[in-house]
file start.tsv (TSV, C-alpha atoms)
chain	number	residue	atom	x	y	z
R	9	MET	CA	-166.67	15.39	-80.26
R	10	ASN	CA	-166.32	19.17	-80.21
R	11	ASN	CA	-162.53	18.84	-80.32
R	12	ASN	CA	-162.73	16.66	-83.42
R	13	SER	CA	-165.02	19.04	-85.24
R	14	SER	CA	-162.86	22.08	-84.37
R	15	GLN	CA	-159.77	20.18	-85.49
R	16	ASN	CA	-161.47	19.22	-88.75
R	17	THR	CA	-162.41	22.85	-89.28
R	18	SER	CA	-158.78	23.82	-88.70
R	19	VAL	CA	-157.57	21.21	-91.17
R	20	ASP	CA	-160.15	22.44	-93.68
R	21	SER	CA	-158.96	25.99	-93.11
R	22	ILE	CA	-155.35	24.96	-93.77
R	23	LEU	CA	-156.33	23.04	-96.90
R	24	GLY	CA	-158.11	26.19	-98.06
R	25	GLN	CA	-154.75	27.99	-97.88
R	26	TYR	CA	-152.94	25.23	-99.81
R	27	ALA	CA	-151.88	26.86	-103.07
R	28	PHE	CA	-148.87	24.82	-104.15
R	29	ASN	CA	-148.27	23.33	-107.56
R	30	GLU	CA	-145.51	21.84	-109.71
R	31	HIS	CA	-143.67	25.19	-109.61
R	32	SER	CA	-143.50	25.29	-105.81
R	33	SER	CA	-140.22	24.67	-103.98
R	34	SER	CA	-139.71	22.10	-101.23
R	35	THR	CA	-138.67	24.97	-98.89
R	36	GLU	CA	-142.08	26.66	-99.31
R	37	LEU	CA	-144.00	23.43	-98.75
R	38	ILE	CA	-141.95	22.39	-95.71
R	39	GLU	CA	-142.46	25.81	-94.13
R	40	PHE	CA	-146.22	25.58	-94.77
R	41	THR	CA	-146.26	22.08	-93.23
R	42	LEU	CA	-144.45	23.28	-90.10
R	43	LYS	CA	-146.90	26.18	-89.72
R	44	SER	CA	-149.79	23.75	-90.14
R	45	LEU	CA	-148.45	21.38	-87.45
R	46	GLN	CA	-147.78	24.31	-85.14
R	47	SER	CA	-151.36	25.56	-85.44
R	48	LEU	CA	-153.05	22.14	-85.16
R	49	LEU	CA	-151.05	20.48	-82.37
R	50	PRO	CA	-150.76	21.39	-78.66
R	51	LEU	CA	-147.21	22.69	-79.14
R	52	ALA	CA	-147.27	25.80	-76.96
R	53	GLY	CA	-143.83	27.37	-76.79
R	54	PHE	CA	-142.61	25.85	-80.07
R	55	LYS	CA	-141.23	28.22	-82.71
R	56	ILE	CA	-140.47	27.62	-86.37
R	57	VAL	CA	-136.75	27.65	-87.18
R	58	LYS	CA	-136.63	27.84	-90.96
R	59	SER	CA	-132.90	27.12	-91.29
R	60	ARG	CA	-133.33	23.74	-89.55
R	61	LYS	CA	-136.78	22.95	-91.02
R	62	ALA	CA	-137.93	22.53	-87.44
R	63	LEU	CA	-140.37	23.35	-84.70
R	64	GLU	CA	-138.23	23.97	-81.62
R	65	MET	CA	-138.72	24.75	-77.95
R	66	LYS	CA	-136.03	25.63	-75.42
R	67	THR	CA	-136.34	25.15	-71.69
R	68	LYS	CA	-133.60	26.10	-69.22
R	69	GLU	CA	-131.73	22.88	-69.99
R	70	LEU	CA	-133.39	21.21	-72.99
R	71	LEU	CA	-133.75	21.84	-76.71
R	72	ILE	CA	-136.74	19.93	-78.08
R	73	SER	CA	-136.98	19.72	-81.85
R	74	ILE	CA	-139.56	18.27	-84.25
R	75	TYR	CA	-138.02	18.56	-87.69
R	76	LEU	CA	-138.61	17.52	-91.29
R	77	GLN	CA	-135.96	16.00	-93.53
R	78	ALA	CA	-136.42	16.47	-97.26
R	79	ASN	CA	-135.93	13.40	-99.46
R	80	ARG	CA	-132.80	13.99	-101.55
R	81	HIS	CA	-134.55	12.21	-104.42
R	82	ASN	CA	-137.34	14.81	-104.51
R	83	THR	CA	-138.10	15.90	-108.05
R	84	ALA	CA	-139.37	19.44	-108.57
R	85	GLY	CA	-142.93	19.44	-109.87
R	86	THR	CA	-143.37	15.70	-109.32
R	87	SER	CA	-142.77	14.79	-105.69
R	88	ILE	CA	-141.80	16.58	-102.46
R	89	GLU	CA	-141.41	14.08	-99.63
R	90	VAL	CA	-140.25	14.56	-96.05
R	91	MET	CA	-139.40	12.33	-93.09
R	92	LEU	CA	-140.39	13.31	-89.54
R	93	HIS	CA	-137.93	13.32	-86.63
R	94	CYS	CA	-138.08	14.25	-82.96
R	95	LYS	CA	-134.92	15.05	-81.02
R	96	VAL	CA	-134.16	16.19	-77.48
R	97	THR	CA	-130.71	17.50	-76.59
R	98	HIS	CA	-129.05	19.26	-73.67
R	99	ILE	CA	-128.51	23.00	-74.15
R	100	LYS	CA	-124.78	22.78	-73.34
R	101	HIS	CA	-122.35	21.41	-75.90
R	102	LYS	CA	-119.91	18.65	-74.96
R	103	SER	CA	-116.34	19.90	-74.98
R	104	TYR	CA	-114.75	16.98	-76.80
R	105	THR	CA	-117.20	16.79	-79.71
R	106	GLY	CA	-118.55	20.32	-79.80
R	107	LEU	CA	-122.02	18.75	-80.07
R	108	PRO	CA	-124.91	18.86	-77.61
R	109	GLU	CA	-125.55	15.71	-75.60
R	110	SER	CA	-128.40	13.85	-77.28
R	111	TYR	CA	-131.01	12.56	-74.84
R	112	TYR	CA	-133.57	11.19	-77.25
R	113	GLU	CA	-134.00	10.85	-80.97
R	114	HIS	CA	-136.76	9.07	-82.82
R	115	SER	CA	-137.68	8.99	-86.46
R	116	GLU	CA	-140.83	7.87	-88.20
R	117	ILE	CA	-139.29	5.77	-90.99
R	118	LYS	CA	-141.79	6.83	-93.58
R	119	TRP	CA	-141.82	9.37	-96.39
R	120	TYR	CA	-144.69	11.87	-96.36
R	121	GLU	CA	-145.73	13.39	-99.70
R	122	LEU	CA	-146.49	17.12	-99.53
R	123	LEU	CA	-147.17	17.92	-103.19
R	124	GLY	CA	-150.86	17.84	-104.15
R	125	LYS	CA	-153.66	18.85	-101.79
R	126	GLU	CA	-155.01	15.32	-101.28
R	127	ALA	CA	-151.57	13.84	-100.60
R	128	PHE	CA	-150.75	16.76	-98.28
R	129	GLU	CA	-153.96	16.25	-96.27
R	130	GLY	CA	-153.20	12.55	-95.75
R	131	SER	CA	-149.60	13.29	-94.77
R	132	LEU	CA	-150.58	16.10	-92.41
R	133	LEU	CA	-153.14	13.94	-90.59
R	134	SER	CA	-150.66	11.04	-90.32
R	135	MET	CA	-147.92	13.30	-88.94
R	136	MET	CA	-150.32	14.80	-86.41
R	137	GLU	CA	-151.40	11.35	-85.27
R	138	TYR	CA	-147.80	10.16	-84.94
R	139	ILE	CA	-146.65	13.23	-82.97
R	140	THR	CA	-149.71	13.09	-80.70
R	141	GLN	CA	-149.31	9.39	-79.94
R	142	HIS	CA	-145.52	9.17	-79.64
R	143	GLU	CA	-144.00	12.54	-78.84
R	144	ILE	CA	-146.39	14.94	-77.07
R	145	LEU	CA	-146.60	12.92	-73.84
R	146	LEU	CA	-142.84	12.43	-73.77
R	147	ILE	CA	-142.24	16.16	-74.27
R	148	GLU	CA	-144.70	17.05	-71.50
R	149	GLN	CA	-143.12	14.50	-69.15
R	150	LEU	CA	-139.57	15.66	-69.94
R	151	ILE	CA	-140.55	19.11	-68.76
R	152	SER	CA	-142.68	18.15	-65.75
R	153	ASP	CA	-141.29	14.80	-64.53
R	154	PRO	CA	-137.90	13.76	-65.97
R	155	GLN	CA	-137.49	10.98	-63.38
R	156	GLY	CA	-140.69	9.40	-64.68
R	157	VAL	CA	-139.16	9.34	-68.17
R	158	ILE	CA	-136.24	7.35	-66.73
R	159	GLU	CA	-138.60	4.88	-65.08
R	160	ALA	CA	-140.34	4.35	-68.42
R	161	ASN	CA	-136.96	3.54	-70.06
R	162	ARG	CA	-137.44	6.19	-72.74
R	163	ILE	CA	-133.99	7.83	-72.42
R	164	PHE	CA	-130.62	6.09	-72.40
R	165	SER	CA	-128.10	8.95	-72.19
R	166	PRO	CA	-125.79	8.68	-69.16
R	167	TYR	CA	-125.94	12.47	-68.76
R	168	PHE	CA	-129.72	12.36	-68.46
R	169	TYR	CA	-129.46	9.80	-65.64
R	170	TYR	CA	-126.79	11.96	-63.99
R	171	ARG	CA	-128.73	15.21	-64.16
R	172	TYR	CA	-132.27	14.03	-63.54
R	173	GLY	CA	-132.14	10.55	-62.00
R	174	THR	CA	-131.96	9.57	-58.37
R	175	ASP	CA	-128.68	8.10	-57.09
R	176	ALA	CA	-130.26	4.65	-57.31
R	177	GLN	CA	-131.40	5.18	-60.92
R	178	PHE	CA	-127.95	6.38	-61.91
R	179	GLU	CA	-126.27	3.44	-60.17
R	180	GLN	CA	-128.59	0.88	-61.81
R	181	ALA	CA	-128.01	2.39	-65.26
R	182	SER	CA	-124.26	2.47	-64.69
R	183	GLN	CA	-124.24	-1.21	-63.66
R	184	ARG	CA	-126.31	-2.15	-66.72
R	185	TYR	CA	-123.79	-0.37	-68.90
R	186	VAL	CA	-120.75	-2.09	-67.33
R	187	VAL	CA	-122.38	-5.53	-67.57
R	188	SER	CA	-122.97	-4.97	-71.29
R	189	LEU	CA	-119.27	-4.37	-72.03
R	190	SER	CA	-116.92	-6.91	-73.61
R	191	GLU	CA	-113.72	-7.81	-71.76
R	192	ALA	CA	-111.67	-5.35	-73.83
R	193	GLN	CA	-114.26	-2.58	-73.33
R	194	LYS	CA	-114.39	-3.30	-69.58
R	195	GLN	CA	-110.61	-2.88	-69.39
R	196	GLN	CA	-110.84	0.46	-71.22
R	197	TYR	CA	-113.63	1.51	-68.85
R	198	ASP	CA	-111.56	0.59	-65.76
R	199	GLU	CA	-108.56	2.49	-67.15
R	200	ALA	CA	-110.73	5.54	-67.81
R	201	VAL	CA	-112.13	5.42	-64.24
R	202	ILE	CA	-108.56	5.41	-62.87
R	203	LYS	CA	-107.65	8.33	-65.17
R	204	PHE	CA	-110.55	10.43	-63.89
R	205	GLN	CA	-109.93	9.44	-60.26
R	206	GLU	CA	-106.41	10.82	-60.64
R	207	ASP	CA	-107.64	13.96	-62.44
R	208	VAL	CA	-111.37	14.45	-62.92
R	209	ASN	CA	-110.60	17.34	-65.30
R	210	SER	CA	-108.83	15.05	-67.78
R	211	PRO	CA	-110.18	15.33	-71.36
R	212	ILE	CA	-113.16	13.03	-71.91
R	213	LYS	CA	-112.59	10.87	-74.96
R	214	ARG	CA	-115.34	9.23	-76.99
R	215	GLY	CA	-116.76	6.26	-75.07
R	216	GLU	CA	-115.56	7.48	-71.66
R	217	ASP	CA	-118.76	9.23	-70.56
R	218	TRP	CA	-119.91	6.58	-68.09
R	219	ALA	CA	-116.42	6.34	-66.55
R	220	TYR	CA	-116.24	10.11	-66.17
R	221	LEU	CA	-119.73	10.41	-64.69
R	222	THR	CA	-119.13	7.54	-62.25
R	223	VAL	CA	-116.16	9.43	-60.79
R	224	ALA	CA	-117.92	12.82	-61.00
R	225	LYS	CA	-120.91	11.37	-59.09
R	226	LYS	CA	-118.72	10.31	-56.18
R	227	GLU	CA	-117.25	13.82	-56.06
R	228	GLY	CA	-120.69	15.45	-56.35
R	229	ARG	CA	-119.68	17.46	-59.42
R	230	GLU	CA	-122.11	19.41	-61.56
R	231	VAL	CA	-121.83	18.47	-65.26

call {"tool": "encode", "arguments": {"input": "start.tsv", "output": "structure tokens"}}
result
Amino acid sequence: MNNNSSQNTSVDSILGQYAFNEHSSSTELIEFTLKSLQSLLPLAGFKIVKSRKALEMKTKELLISIYLQANRHNTAGTSIEVMLHCKVTHIKHKSYTGLPESYYEHSEIKWYELLGKEAFEGSLLSMMEYITQHEILLIEQLISDPQGVIEANRIFSPYFYYRYGTDAQFEQASQRYVVSLSEAQKQQYDEAVIKFQEDVNSPIKRGEDWAYLTVAKKEGREV
């Protein structure tokens, strides 16, 4: 009960600072929304990254991001809507794409209106509820018990299984992947396995991750 009343007070305090009107930019409103979420949610360690419209936290190996995407149909002075996303990636970038390995990405397929105090309050409360119910526990578990995340089938990246799973979890996931392949894909997979067995340092092409990791696992390589 006390938590609710203190949270309500906090929301009231934020609404008291809401001073946006038809002349306000989407950048200003998104930044205010991020600051509001940061102050109201248990997001210790998260920092606002203005350039990415995000709340982000880095651990030794993970980059966890809660970010807002502006609707490209937003009309200044009439509507400023955003969509909410949560993404978890590995800190290292993959050599063949130059992109970080994505472990988890989820979007709330809903536009939240930020313009107008009443609309903002409803959107803020909805976003808080969504993040609390769907993302906070996952974030906490990713940091404290990544194997438990695997058991709950929340992450499907082969690299996550490789880095955090037991040998049995990795093997089961690898078998599930192979079984799901078509005949042509299975042939490509087998050819890729042979390629990496001959030279594990061969360039990894798109779609060859499981083949590479299967060979790397047998050699006990760190990836």

call {"tool": "residues_around", "arguments": {"input": "start.tsv", "residues": "R:Pro50", "least_positions_apart": "2", "cutoff": "12 Å", "atoms": "all atoms listed in the file", "output": "JSON, numbers by chain"}}
result
{"R": [15, 44, 45, 46, 47, 48, 52, 53, 54, 136, 139, 140, 143, 144, 145, 147, 148]}

call {"tool": "closest_residue", "arguments": {"input": "start.tsv", "among": "R:Lys226, R:Phe128, R:His142, R:Met65", "to": "R:Gln25", "atoms": "only C-alpha atoms"}}
result
R:Phe128

call {"tool": "closest_residue", "arguments": {"input": "start.tsv", "among": "R:Leu92, R:Leu123, R:Leu133, R:Ile74", "to": "R:Thr35", "atoms": "all atoms listed in the file"}}
result
R:Leu123

call {"tool": "atom_distance", "arguments": {"input": "start.tsv", "atom1": "atom CA of R:Pro211", "atom2": "atom CA of R:Lys102"}}
result
10.9 Å

call {"tool": "residues_around", "arguments": {"input": "start.tsv", "residues": "R:Lys95", "least_positions_apart": "3", "cutoff": "9 Å", "atoms": "all atoms listed in the file", "output": "JSON, numbers by chain"}}
result
{"R": [71, 72, 73, 74, 75, 110, 111, 112, 113, 114, 115]}

call {"tool": "closest_residue", "arguments": {"input": "start.tsv", "among": "R:Phe40, R:Tyr138, R:Phe28, R:Phe178", "to": "R:Ala84", "atoms": "all atoms listed in the file"}}
result
R:Phe28

call {"tool": "atom_distance", "arguments": {"input": "start.tsv", "atom1": "atom CA of R:Glu199", "atom2": "atom CA of R:Arg229"}}
result
20.2 Å

call {"tool": "residues_around", "arguments": {"input": "start.tsv", "residues": "R:Lys68", "least_positions_apart": "2", "cutoff": "8 Å", "atoms": "all atoms listed in the file", "output": "VMD selection string"}}
result
chain R and resid 66 70 99

call {"tool": "atom_distance", "arguments": {"input": "start.tsv", "atom1": "atom CA of R:Gly156", "atom2": "atom CA of R:Val201"}}
result
28.8 Å

call {"tool": "residues_around", "arguments": {"input": "start.tsv", "residues": "R:Val157", "least_positions_apart": "4", "cutoff": "12 Å", "atoms": "only C-alpha atoms", "output": "NGL selection string"}}
result
:R and (111-112 or 145-153 or 161-165 or 168-169 or 172-173 or 177)

call {"tool": "closest_residue", "arguments": {"input": "start.tsv", "among": "R:Ala27, R:Gly215, R:Lys55, R:Asp207", "to": "R:Lys194", "atoms": "all atoms listed in the file"}}
result
R:Gly215

call {"tool": "closest_residue", "arguments": {"input": "start.tsv", "among": "R:Gly106, R:Gly124, R:Gly24, R:Gly130", "to": "R:Leu37", "atoms": "only C-alpha atoms"}}
result
R:Gly124

call {"tool": "axis_aligned_box", "arguments": {"input": "start.tsv", "around": "stretch 200-211 of chain R", "padding_each_side": "6 Å", "output": "JSON"}}
result
{"center_x": -109.3, "center_y": 11.4, "center_z": -65.8, "size_x": 17.7, "size_y": 23.9, "size_z": 23.1}

call {"tool": "residues_around", "arguments": {"input": "start.tsv", "residues": "R:Glu230", "least_positions_apart": "2", "cutoff": "12 Å", "atoms": "all atoms listed in the file", "output": "ChimeraX atom specification"}}
result
/R:167,170-172,208,220-221,223-228

call {"tool": "closest_residue", "arguments": {"input": "start.tsv", "among": "R:Ala200, R:Arg80, R:Thr222, R:Lys61", "to": "R:Glu179", "atoms": "all atoms listed in the file"}}
result
R:Thr222

call {"tool": "residues_near_point", "arguments": {"input": "start.tsv", "point": "(-137.1, 11.0, -96.5)", "cutoff": "7 Å", "atoms": "all atoms listed in the file", "output": "short mmCIF file (atom, residue, chain, number, x, y, z; two decimals) with C-alpha atoms, in the coordinates of the input"}}
result
data_model
loop_
_atom_site.label_atom_id
_atom_site.label_comp_id
_atom_site.auth_asym_id
_atom_site.auth_seq_id
_atom_site.Cartn_x
_atom_site.Cartn_y
_atom_site.Cartn_z
CA GLN R 77 -135.96 16.00 -93.53
CA ALA R 78 -136.42 16.47 -97.26
CA ASN R 79 -135.93 13.40 -99.46
CA GLU R 89 -141.41 14.08 -99.63
CA VAL R 90 -140.25 14.56 -96.05
CA MET R 91 -139.40 12.33 -93.09
CA LYS R 118 -141.79 6.83 -93.58
CA TRP R 119 -141.82 9.37 -96.39
#
